[in-house]
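Student: Just so it is clear, I am handing over start38.cif, which has mmCIF, C-alpha atoms.
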data_run
loop_
_atom_site.label_atom_id
_atom_site.label_comp_id
_atom_site.auth_asym_id
_atom_site.auth_seq_id
_atom_site.Cartn_x
_atom_site.Cartn_y
_atom_site.Cartn_z
CA MET J 28 35.00 5.23 40.66
CA SER J 29 32.96 7.86 38.86
CA ALA J 30 34.70 6.95 35.59
CA GLU J 31 33.73 3.30 36.08
CA LEU J 32 30.10 4.27 36.73
CA ALA J 33 30.07 6.45 33.63
CA SER J 34 31.60 3.64 31.58
CA SER J 35 29.06 1.07 32.78
CA GLY J 36 26.24 3.54 32.17
CA ALA J 37 27.46 4.16 28.63
CA LEU J 38 27.68 0.43 27.94
CA THR J 39 24.18 -0.12 29.33
CA GLY J 40 22.90 2.69 27.15
CA PHE J 41 24.64 1.21 24.11
CA LEU J 42 23.10 -2.22 24.73
CA ALA J 43 19.67 -0.69 25.30
CA ALA J 44 19.93 1.25 22.04
CA THR J 45 21.02 -1.93 20.24
CA VAL J 46 17.96 -3.85 21.46
CA ARG J 47 15.65 -0.90 20.79
CA VAL J 48 16.81 -0.50 17.18
CA ALA J 49 16.83 -4.25 16.56
CA THR J 50 13.27 -4.88 17.80
CA PRO J 51 11.21 -3.69 14.78
CA LEU J 52 13.76 -5.18 12.37
CA LEU J 53 13.61 -8.52 14.15
CA LEU J 54 9.81 -8.58 14.15
CA ALA J 55 9.66 -7.87 10.43
CA ALA J 56 12.57 -10.18 9.57
CA VAL J 57 11.36 -13.20 11.51
CA GLY J 58 7.96 -12.86 9.84
CA GLU J 59 9.62 -12.53 6.44
CA THR J 60 11.62 -15.68 7.24
CA VAL J 61 8.38 -17.65 7.49
CA THR J 62 7.14 -16.07 4.25
CA GLU J 63 10.33 -16.83 2.33
CA ARG J 64 10.55 -20.35 3.72
CA ALA J 65 7.21 -20.88 1.98
CA GLY J 66 8.72 -19.67 -1.31
CA VAL J 67 7.38 -16.10 -1.41
CA ILE J 68 9.65 -13.05 -1.31
CA ASN J 69 7.61 -10.10 -0.08
CA LEU J 70 9.05 -6.69 -0.93
CA GLY J 71 5.75 -5.32 0.37
CA VAL J 72 7.04 -5.80 3.92
CA GLU J 73 8.16 -2.16 3.83
CA GLY J 74 4.60 -1.13 3.00
CA ALA J 75 3.17 -3.40 5.69
CA MET J 76 5.47 -1.79 8.27
CA LEU J 77 4.40 1.68 7.18
CA ALA J 78 0.71 0.74 7.23
CA GLY J 79 1.18 -0.77 10.69
CA ALA J 80 2.92 2.39 11.90
CA LEU J 81 0.04 4.63 10.78
CA ALA J 82 -2.62 2.22 12.07
CA SER J 83 -0.92 2.11 15.46
CA ALA J 84 -0.94 5.91 15.59
CA LEU J 85 -4.62 6.04 14.68
CA GLY J 86 -5.54 3.34 17.20
CA ALA J 87 -3.48 4.85 20.00
CA SER J 88 -4.75 8.39 19.47
CA ALA J 89 -8.35 7.18 19.26
CA LEU J 90 -8.37 5.69 22.76
CA GLY J 91 -5.42 7.32 24.50
CA GLY J 92 -3.55 6.07 27.56
CA THR J 93 -2.15 2.56 28.02
CA GLY J 94 -5.26 1.03 26.49
CA GLY J 95 -4.74 3.21 23.46
CA ALA J 96 -1.20 1.92 23.00
CA TRP J 97 -2.45 -1.65 22.99
CA ALA J 98 -5.25 -0.71 20.63
CA GLY J 99 -2.57 0.71 18.39
CA VAL J 100 -0.66 -2.59 18.38
CA ALA J 101 -3.85 -4.48 17.49
CA ALA J 102 -4.65 -1.99 14.73
CA ALA J 103 -1.11 -2.34 13.39
CA ALA J 104 -1.42 -6.12 13.21
CA ALA J 105 -4.77 -5.74 11.41
CA ALA J 106 -3.23 -3.30 8.92
CA GLY J 107 -0.35 -5.69 8.29
CA ILE J 108 -2.80 -8.52 7.71
CA ALA J 109 -4.79 -6.38 5.25
CA VAL J 110 -1.65 -5.55 3.26
CA GLY J 111 -0.55 -9.18 3.38
CA VAL J 112 -3.92 -10.44 2.13
CA VAL J 113 -3.76 -8.10 -0.86
CA PHE J 114 -0.19 -9.04 -1.74
CA ALA J 115 -0.71 -12.78 -1.19
CA ALA J 116 -3.91 -12.83 -3.25
CA VAL J 117 -2.13 -11.14 -6.15
CA VAL J 118 0.99 -13.29 -6.19
CA VAL J 119 -0.27 -16.66 -4.94
CA TYR J 120 -3.66 -16.91 -6.61
CA ALA J 121 -3.38 -14.41 -9.50
CA GLY J 122 0.19 -15.43 -10.35
CA ALA J 123 1.64 -11.90 -10.45
CA ASN J 124 5.41 -11.40 -10.35
CA GLN J 125 6.42 -11.26 -6.70
CA ILE J 126 9.04 -8.54 -7.07
CA ILE J 127 6.83 -6.19 -9.07
CA ALA J 128 3.81 -6.83 -6.86
CA GLY J 129 5.83 -6.20 -3.70
CA ALA J 130 7.18 -2.92 -5.03
CA ALA J 131 3.67 -1.88 -6.09
CA VAL J 132 2.24 -2.70 -2.67
CA THR J 133 4.93 -0.65 -0.94
CA LEU J 134 4.45 2.33 -3.24
CA GLY J 135 0.69 2.09 -2.74
CA CYS J 136 1.12 2.04 1.04
CA VAL J 137 3.39 5.09 0.92
CA GLY J 138 0.76 7.07 -0.96
CA LEU J 139 -2.22 5.76 1.00
CA THR J 140 -0.69 6.29 4.43
CA GLY J 141 0.37 9.81 3.49
CA THR J 142 -3.14 10.67 2.37
CA ILE J 143 -4.82 9.18 5.45
CA TYR J 144 -2.28 10.81 7.75
CA ARG J 145 -2.96 14.28 6.34
CA GLN J 146 -6.71 13.74 6.45
CA ALA J 147 -6.56 12.51 10.07
CA TYR J 148 -4.08 14.95 11.57
CA GLY J 149 -3.68 17.77 9.07
CA SER J 150 -0.91 20.28 9.67
CA ALA J 151 -0.89 19.42 13.42
CA GLY J 152 0.46 15.98 12.61
CA ALA J 153 4.05 17.15 12.83
CA GLY J 154 3.60 17.70 16.57
CA LEU J 155 1.61 14.52 17.15
CA SER J 156 2.22 13.00 20.58
CA LEU J 157 0.98 9.46 21.14
CA PRO J 158 0.65 7.24 24.21
CA THR J 159 3.55 4.79 24.29
CA LEU J 160 4.13 1.26 25.44
CA VAL J 161 5.66 1.26 28.90
CA ALA J 162 8.68 -0.87 29.82
CA TRP J 163 7.98 -4.08 31.71
CA PRO J 164 10.99 -4.86 33.96
CA VAL J 165 11.37 -8.60 34.55
CA PRO J 166 11.76 -9.22 38.30
CA LEU J 167 15.34 -10.02 39.34
CA LEU J 168 16.62 -10.28 35.74
CA SER J 169 16.24 -6.54 35.16
CA ARG J 170 18.63 -5.95 38.10
CA ILE J 171 21.54 -7.81 36.50
CA PRO J 172 24.39 -5.30 36.08
CA LEU J 173 24.94 -3.94 32.56
CA VAL J 174 22.66 -6.28 30.58
CA GLY J 175 19.65 -6.36 32.91
CA PRO J 176 18.21 -2.89 32.22
CA SER J 177 18.93 -3.12 28.49
CA ILE J 178 17.42 -6.55 27.88
CA PHE J 179 14.94 -7.22 30.67
CA ALA J 180 13.33 -3.79 31.04
CA GLN J 181 11.76 -3.40 27.60
CA PRO J 182 8.26 -2.86 26.15
CA ALA J 183 6.13 -5.90 25.38
CA THR J 184 6.91 -5.72 21.65
CA THR J 185 10.58 -6.43 22.38
CA TYR J 186 9.72 -9.52 24.40
CA LEU J 187 7.36 -10.59 21.61
CA ALA J 188 10.19 -10.28 19.08
CA PHE J 189 12.62 -12.39 21.06
CA VAL J 190 10.05 -14.99 22.10
CA ALA J 191 9.03 -15.34 18.44
CA VAL J 192 12.53 -16.52 17.52
CA PRO J 193 12.55 -19.88 19.37
CA VAL J 194 8.83 -20.40 18.80
CA ILE J 195 9.12 -20.02 15.02
CA ALA J 196 12.35 -22.07 14.96
CA TRP J 197 10.53 -24.86 16.82
CA PHE J 198 7.56 -24.59 14.45
CA LEU J 199 9.69 -24.74 11.30
CA TYR J 200 12.04 -27.54 12.34
CA ARG J 201 10.14 -29.58 14.92
CA THR J 202 6.53 -29.75 13.72
CA ARG J 203 4.76 -31.42 10.79
CA PRO J 204 3.10 -28.14 9.60
CA GLY J 205 6.53 -26.50 9.68
CA LEU J 206 7.95 -29.33 7.59
CA ALA J 207 5.10 -28.87 5.11
CA LEU J 208 5.79 -25.13 4.92
CA ARG J 209 9.47 -25.68 4.19
CA ALA J 210 8.59 -28.32 1.60
CA VAL J 211 6.37 -25.79 -0.15
CA GLY J 212 9.35 -23.47 -0.46
CA GLU J 213 11.76 -26.16 -1.61
CA ALA J 214 9.75 -28.48 -3.84
CA PRO J 215 6.13 -27.37 -4.30
CA GLY J 216 5.47 -30.07 -6.88
CA ASP J 217 6.49 -32.87 -4.53
CA ALA J 218 4.61 -31.20 -1.66
CA ARG J 219 1.46 -31.01 -3.78
CA ALA J 220 1.82 -34.68 -4.73
CA ALA J 221 2.01 -35.51 -1.02
CA GLY J 222 -1.32 -33.79 -0.43
CA VAL J 223 -0.01 -30.46 0.89
CA ARG J 224 -2.12 -27.43 0.02
CA VAL J 225 0.67 -25.38 -1.51
CA ARG J 226 -1.24 -22.21 -2.36
CA ALA J 227 -3.00 -22.05 1.00
CA ILE J 228 0.28 -22.42 2.90
CA ARG J 229 1.98 -19.74 0.81
CA PHE J 230 -1.00 -17.44 1.28
CA TRP J 231 -1.16 -17.74 5.08
CA ALA J 232 2.63 -17.67 5.50
CA THR J 233 2.64 -14.34 3.64
CA VAL J 234 -0.23 -12.97 5.73
CA PHE J 235 1.55 -14.03 8.93
CA GLY J 236 4.76 -12.30 7.88
CA SER J 237 2.87 -9.13 7.01
CA ALA J 238 1.09 -9.18 10.38
CA LEU J 239 4.45 -9.20 12.17
CA ALA J 240 5.65 -6.42 9.88
CA GLY J 241 2.62 -4.38 10.96
CA VAL J 242 3.50 -4.95 14.62
CA ALA J 243 7.06 -3.92 13.76
CA GLY J 244 5.64 -0.60 12.57
CA ALA J 245 3.75 -0.27 15.85
CA SER J 246 6.97 -0.93 17.77
CA LEU J 247 8.64 1.88 15.86
CA VAL J 248 5.85 4.34 16.68
CA LEU J 249 4.66 3.31 20.15
CA ALA J 250 7.87 1.95 21.71
CA GLN J 251 10.47 4.27 20.20
CA VAL J 252 9.48 7.69 18.91
CA GLY J 253 5.92 8.24 20.20
CA THR J 254 4.80 9.95 17.01
CA PHE J 255 4.20 9.28 13.32
CA ALA J 256 5.71 10.90 10.25
CA GLU J 257 5.16 10.16 6.58
CA ASN J 258 7.40 7.39 5.23
CA MET J 259 8.95 7.03 8.68
CA THR J 260 10.00 3.40 8.16
CA ALA J 261 12.71 4.78 5.85
CA GLY J 262 13.62 1.48 4.21
CA ARG J 263 13.61 -0.67 7.36
CA GLY J 264 11.45 -3.22 5.57
CA TYR J 265 14.14 -3.70 2.94
CA VAL J 266 16.78 -3.95 5.67
CA ALA J 267 14.65 -6.69 7.27
CA ILE J 268 14.74 -8.62 3.98
CA ALA J 269 18.54 -8.27 3.91
CA ILE J 270 18.64 -9.50 7.51
CA VAL J 271 16.76 -12.65 6.47
CA VAL J 272 19.49 -13.37 3.92
CA LEU J 273 22.22 -12.52 6.43
CA GLY J 274 20.57 -14.86 8.94
CA ARG J 275 20.43 -17.63 6.30
CA TRP J 276 16.64 -18.01 6.53
CA HIS J 277 16.89 -19.37 10.09
CA PRO J 278 15.16 -17.54 12.98
CA VAL J 279 18.22 -17.71 15.25
CA GLY J 280 20.53 -16.41 12.53
CA VAL J 281 18.01 -13.67 11.77
CA ALA J 282 18.02 -12.61 15.44
CA VAL J 283 21.82 -12.38 15.45
CA ALA J 284 21.79 -10.37 12.23
CA ALA J 285 19.12 -7.98 13.57
CA LEU J 286 21.18 -7.38 16.73
CA LEU J 287 24.27 -6.80 14.57
CA PHE J 288 22.46 -4.10 12.62
CA GLY J 289 21.10 -2.66 15.86
CA ALA J 290 24.60 -2.53 17.35
CA ALA J 291 25.96 -0.79 14.25
CA THR J 292 23.19 1.80 14.45
CA ALA J 293 23.77 2.34 18.17
CA LEU J 294 27.50 2.74 17.48
CA GLN J 295 26.86 5.55 15.01
CA PHE J 296 24.84 7.32 17.73
CA VAL J 297 27.87 7.04 20.03
CA LEU J 298 30.25 8.32 17.35
CA GLN J 299 28.01 11.33 16.69
CA ALA J 300 27.90 12.08 20.44
CA LEU J 301 31.71 12.18 20.60
CA GLY J 302 31.65 15.38 18.54
CA LEU J 303 34.25 14.23 16.03
CA ASN J 304 35.01 16.63 13.19
CA VAL J 305 33.44 14.31 10.63
CA PRO J 306 30.18 14.87 8.69
CA TYR J 307 27.46 13.03 10.58
CA GLN J 308 26.11 11.62 7.30
CA LEU J 309 29.13 9.31 7.22
CA PHE J 310 28.12 7.88 10.58
CA LEU J 311 24.57 7.33 9.31
CA THR J 312 25.91 5.07 6.57
CA LEU J 313 27.77 2.83 9.04
CA PRO J 314 24.99 0.25 9.69
CA TYR J 315 24.16 0.01 5.99
CA LEU J 316 27.82 -0.43 5.01
CA LEU J 317 28.21 -3.11 7.66
CA THR J 318 25.12 -4.87 6.35
CA LEU J 319 26.47 -4.74 2.78
CA PHE J 320 29.83 -6.18 3.83
CA ALA J 321 28.14 -8.87 5.89
CA LEU J 322 25.83 -9.75 3.02
CA ALA J 323 28.76 -9.89 0.61
CA GLY J 324 30.39 -12.45 2.86
CA ALA J 325 27.24 -14.40 3.62
CA VAL J 326 25.38 -14.65 0.34
CA GLY J 327 27.90 -16.94 -1.29
CA ARG J 328 27.59 -19.51 1.48
CA ALA J 329 23.86 -19.17 2.13
CA ARG J 330 21.30 -21.25 0.27
CA ALA J 331 17.87 -19.75 -0.27
CA PRO J 332 14.74 -21.93 -0.47
CA VAL J 333 14.91 -23.47 -3.94
CA ASP J 334 11.51 -22.19 -5.10
CA LEU J 335 11.86 -18.71 -3.56
CA GLY J 336 10.36 -16.06 -5.82
CA ARG J 337 9.14 -18.47 -8.47
CA ASP J 338 5.53 -18.43 -9.62
CA LEU J 339 3.55 -21.56 -9.03
CA ALA J 340 2.48 -23.59 -12.03
CA MET J 341 -1.26 -23.67 -12.46
CA ASP J 342 -2.94 -26.44 -10.49
#
Take the structure I supplied and represent it as structure tokens, if you would.

Tutor:
Amino acid sequence: MSAELASSGALTGFLAATVRVATPLLLAAVGETVTERAGVINLGVEGAMLAGALASALGASALGGTGGAWAGVAAAAAAGIAVGVVFAAVVVYAGANQIIAGAAVTLGCVGLTGTIYRQAYGSAGAGLSLPTLVAWPVPLLSRIPLVGPSIFAQPATTYLAFVAVPVIAWFLYRTRPGLALRAVGEAPGDARAAGVRVRAIRFWATVFGSALAGVAGASLVLAQVGTFAENMTAGRGYVAIAIVVLGRWHPVGVAVAALLFGAATALQFVLQALGLNVPYQLFLTLPYLLTLFALAGAVGRARAPVDLGRDLAMD
């Protein structure tokens, strides 16, 4: 009996870790899906996540308590929007190369957040303790054995991530504005001839994706670790872009891919806990290797938006 309880507890913990790891990736990836559907590939999503993470720390520490945590989420969204506006203005209206501009935005965010962090917290920043988002158990559903505590007893950012999936899928495939957005990413010339404001749609789709990336950074800080460290996103923005490809630019596929990466990460935690005589660095590579193998199998069959990454011709 005790072995069964331990087994069910371990499985619940594994599922909870999967959802926890997947949440920031899903937020960033579903936002990037909207951006890429409009024809813009935003490598600056890593920078937007990092800016959101720092902004959430600043907002949360400024007010403190539960209100501070929510202020941190709002600040993170604002930071993501600011990064998105800069990137979108450069690539959509100034015609800069999207790849180079995205890399520049990310590198700029790494330097800027590091500078602000040291100015704000100094040497005490390493021990920074922030108010966190509390879990909101869903009545009845959170009591379902095994899956209830791991899925239905999560912070609000997790619910936001999973609600965003059907909402954005409905928007993209069941509404006229969603059809216009996809047309901009597939055939901007035809969309423009039909009266669609191509540049405006690409601009706001990019800003929206960056806003969700900022909230993803807040989820990392306020729902997972409760502190901030320089460059703490550690490439999660790039993983989110890979998840978009793995999910074939569809919100539901993106959600499945994010959970797959989350499960692989949770599995490496379990393997490390077993105390196997294997260097732990090998376990750390597991989710990235799984993502590479999955991408290798998916890319050949996936079709990106036709105009993804291409600069618009001058109007």

Student: Counting all atoms listed in the file, what is within 8 Å of Leu77 in chain J, bar same-chain residues fewer than 6 positions away, as a short mmCIF file (atom, residue, chain, number, x, y, z; two decimals) with C-alpha atoms, keeping the file's coordinate frame?

Tutor:
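Wrote out09.cif, looks like this:
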data_model
loop_
_atom_site.label_atom_id
_atom_site.label_comp_id
_atom_site.auth_asym_id
_atom_site.auth_seq_id
_atom_site.Cartn_x
_atom_site.Cartn_y
_atom_site.Cartn_z
CA CYS J 136 1.12 2.04 1.04
CA VAL J 137 3.39 5.09 0.92
CA THR J 140 -0.69 6.29 4.43
CA GLY J 241 2.62 -4.38 10.96
CA GLY J 244 5.64 -0.60 12.57
CA ASN J 258 7.40 7.39 5.23
CA MET J 259 8.95 7.03 8.68
CA THR J 260 10.00 3.40 8.16
#

Student: Can you measure CA of Thr292 in chain J to CA of Val48 in chain J for me? One decimal in Å is fine.

Tutor: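 Distance between the two atoms: 7.3 Å.
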
Student: Could you tell me how far CA of Gln295 in chain J sits from CA of Ala44 in chain J, in Å to one decimal place?

Tutor: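 Separation of CA of Ala44 in chain J and CA of Gln295 in chain J: 10.8 Å.
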
Student: For Val333 in chain J, which residue among J:Leu42, J:Leu168, J:Val211, J:Ala78 is the nearest when counting all atoms listed in the file?

Tutor: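 The answer is J:Val211, which sits nearest to Val333 in chain J.
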
Student: Between CA of Gly138 in chain J and CA of Val266 in chain J, what is the distance in Å, rounded to a tenth?

Tutor: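 Result for CA of Gly138 in chain J versus CA of Val266 in chain J: 20.5 Å, one decimal.
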
Student: Tell me which of J:Ala282, J:Ala65, J:Leu52, J:Ala103 sits closest to Arg263 in chain J, counting only C-alpha atoms.

Tutor: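 Closest residue, counting only C-alpha atoms: J:Leu52.
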
Student: Which residue out of J:Arg226, J:Ala196, J:Ala291, J:Leu167 has the minimum interatomic distance to Thr312 in chain J when all atoms listed in the file are used?

Tutor: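 Closest to Thr312 in chain J of all the choices is J:Ala291.
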
Student: Report the closest atom pair, with its distance in Å rounded to one decimal, for each residue of range 181-285 of chain J that has an atom no farther than 12 Å from range 159-166 of chain J; count only C-alpha atoms, sort by chain and then rising residue number, and write it as a Markdown table.

Tutor:
| residue | atom | partner | partner_atom | distance |
| --- | --- | --- | --- | --- |
| J:Gln181 | CA | J:Ala162 | CA | 4.6 |
| J:Pro182 | CA | J:Ala162 | CA | 4.2 |
| J:Ala183 | CA | J:Trp163 | CA | 6.8 |
| J:Thr184 | CA | J:Leu160 | CA | 8.4 |
| J:Thr185 | CA | J:Ala162 | CA | 9.5 |
| J:Tyr186 | CA | J:Trp163 | CA | 9.3 |
| J:Ala245 | CA | J:Leu160 | CA | 9.7 |
| J:Ser246 | CA | J:Leu160 | CA | 8.5 |
| J:Leu247 | CA | J:Thr159 | CA | 10.3 |
| J:Val248 | CA | J:Thr159 | CA | 8.0 |
| J:Leu249 | CA | J:Thr159 | CA | 4.5 |
| J:Ala250 | CA | J:Leu160 | CA | 5.3 |
| J:Gln251 | CA | J:Thr159 | CA | 8.1 |
| J:Val252 | CA | J:Thr159 | CA | 8.5 |
| J:Gly253 | CA | J:Thr159 | CA | 5.9 |
| J:Thr254 | CA | J:Thr159 | CA | 9.0 |
| J:Phe255 | CA | J:Thr159 | CA | 11.9 |
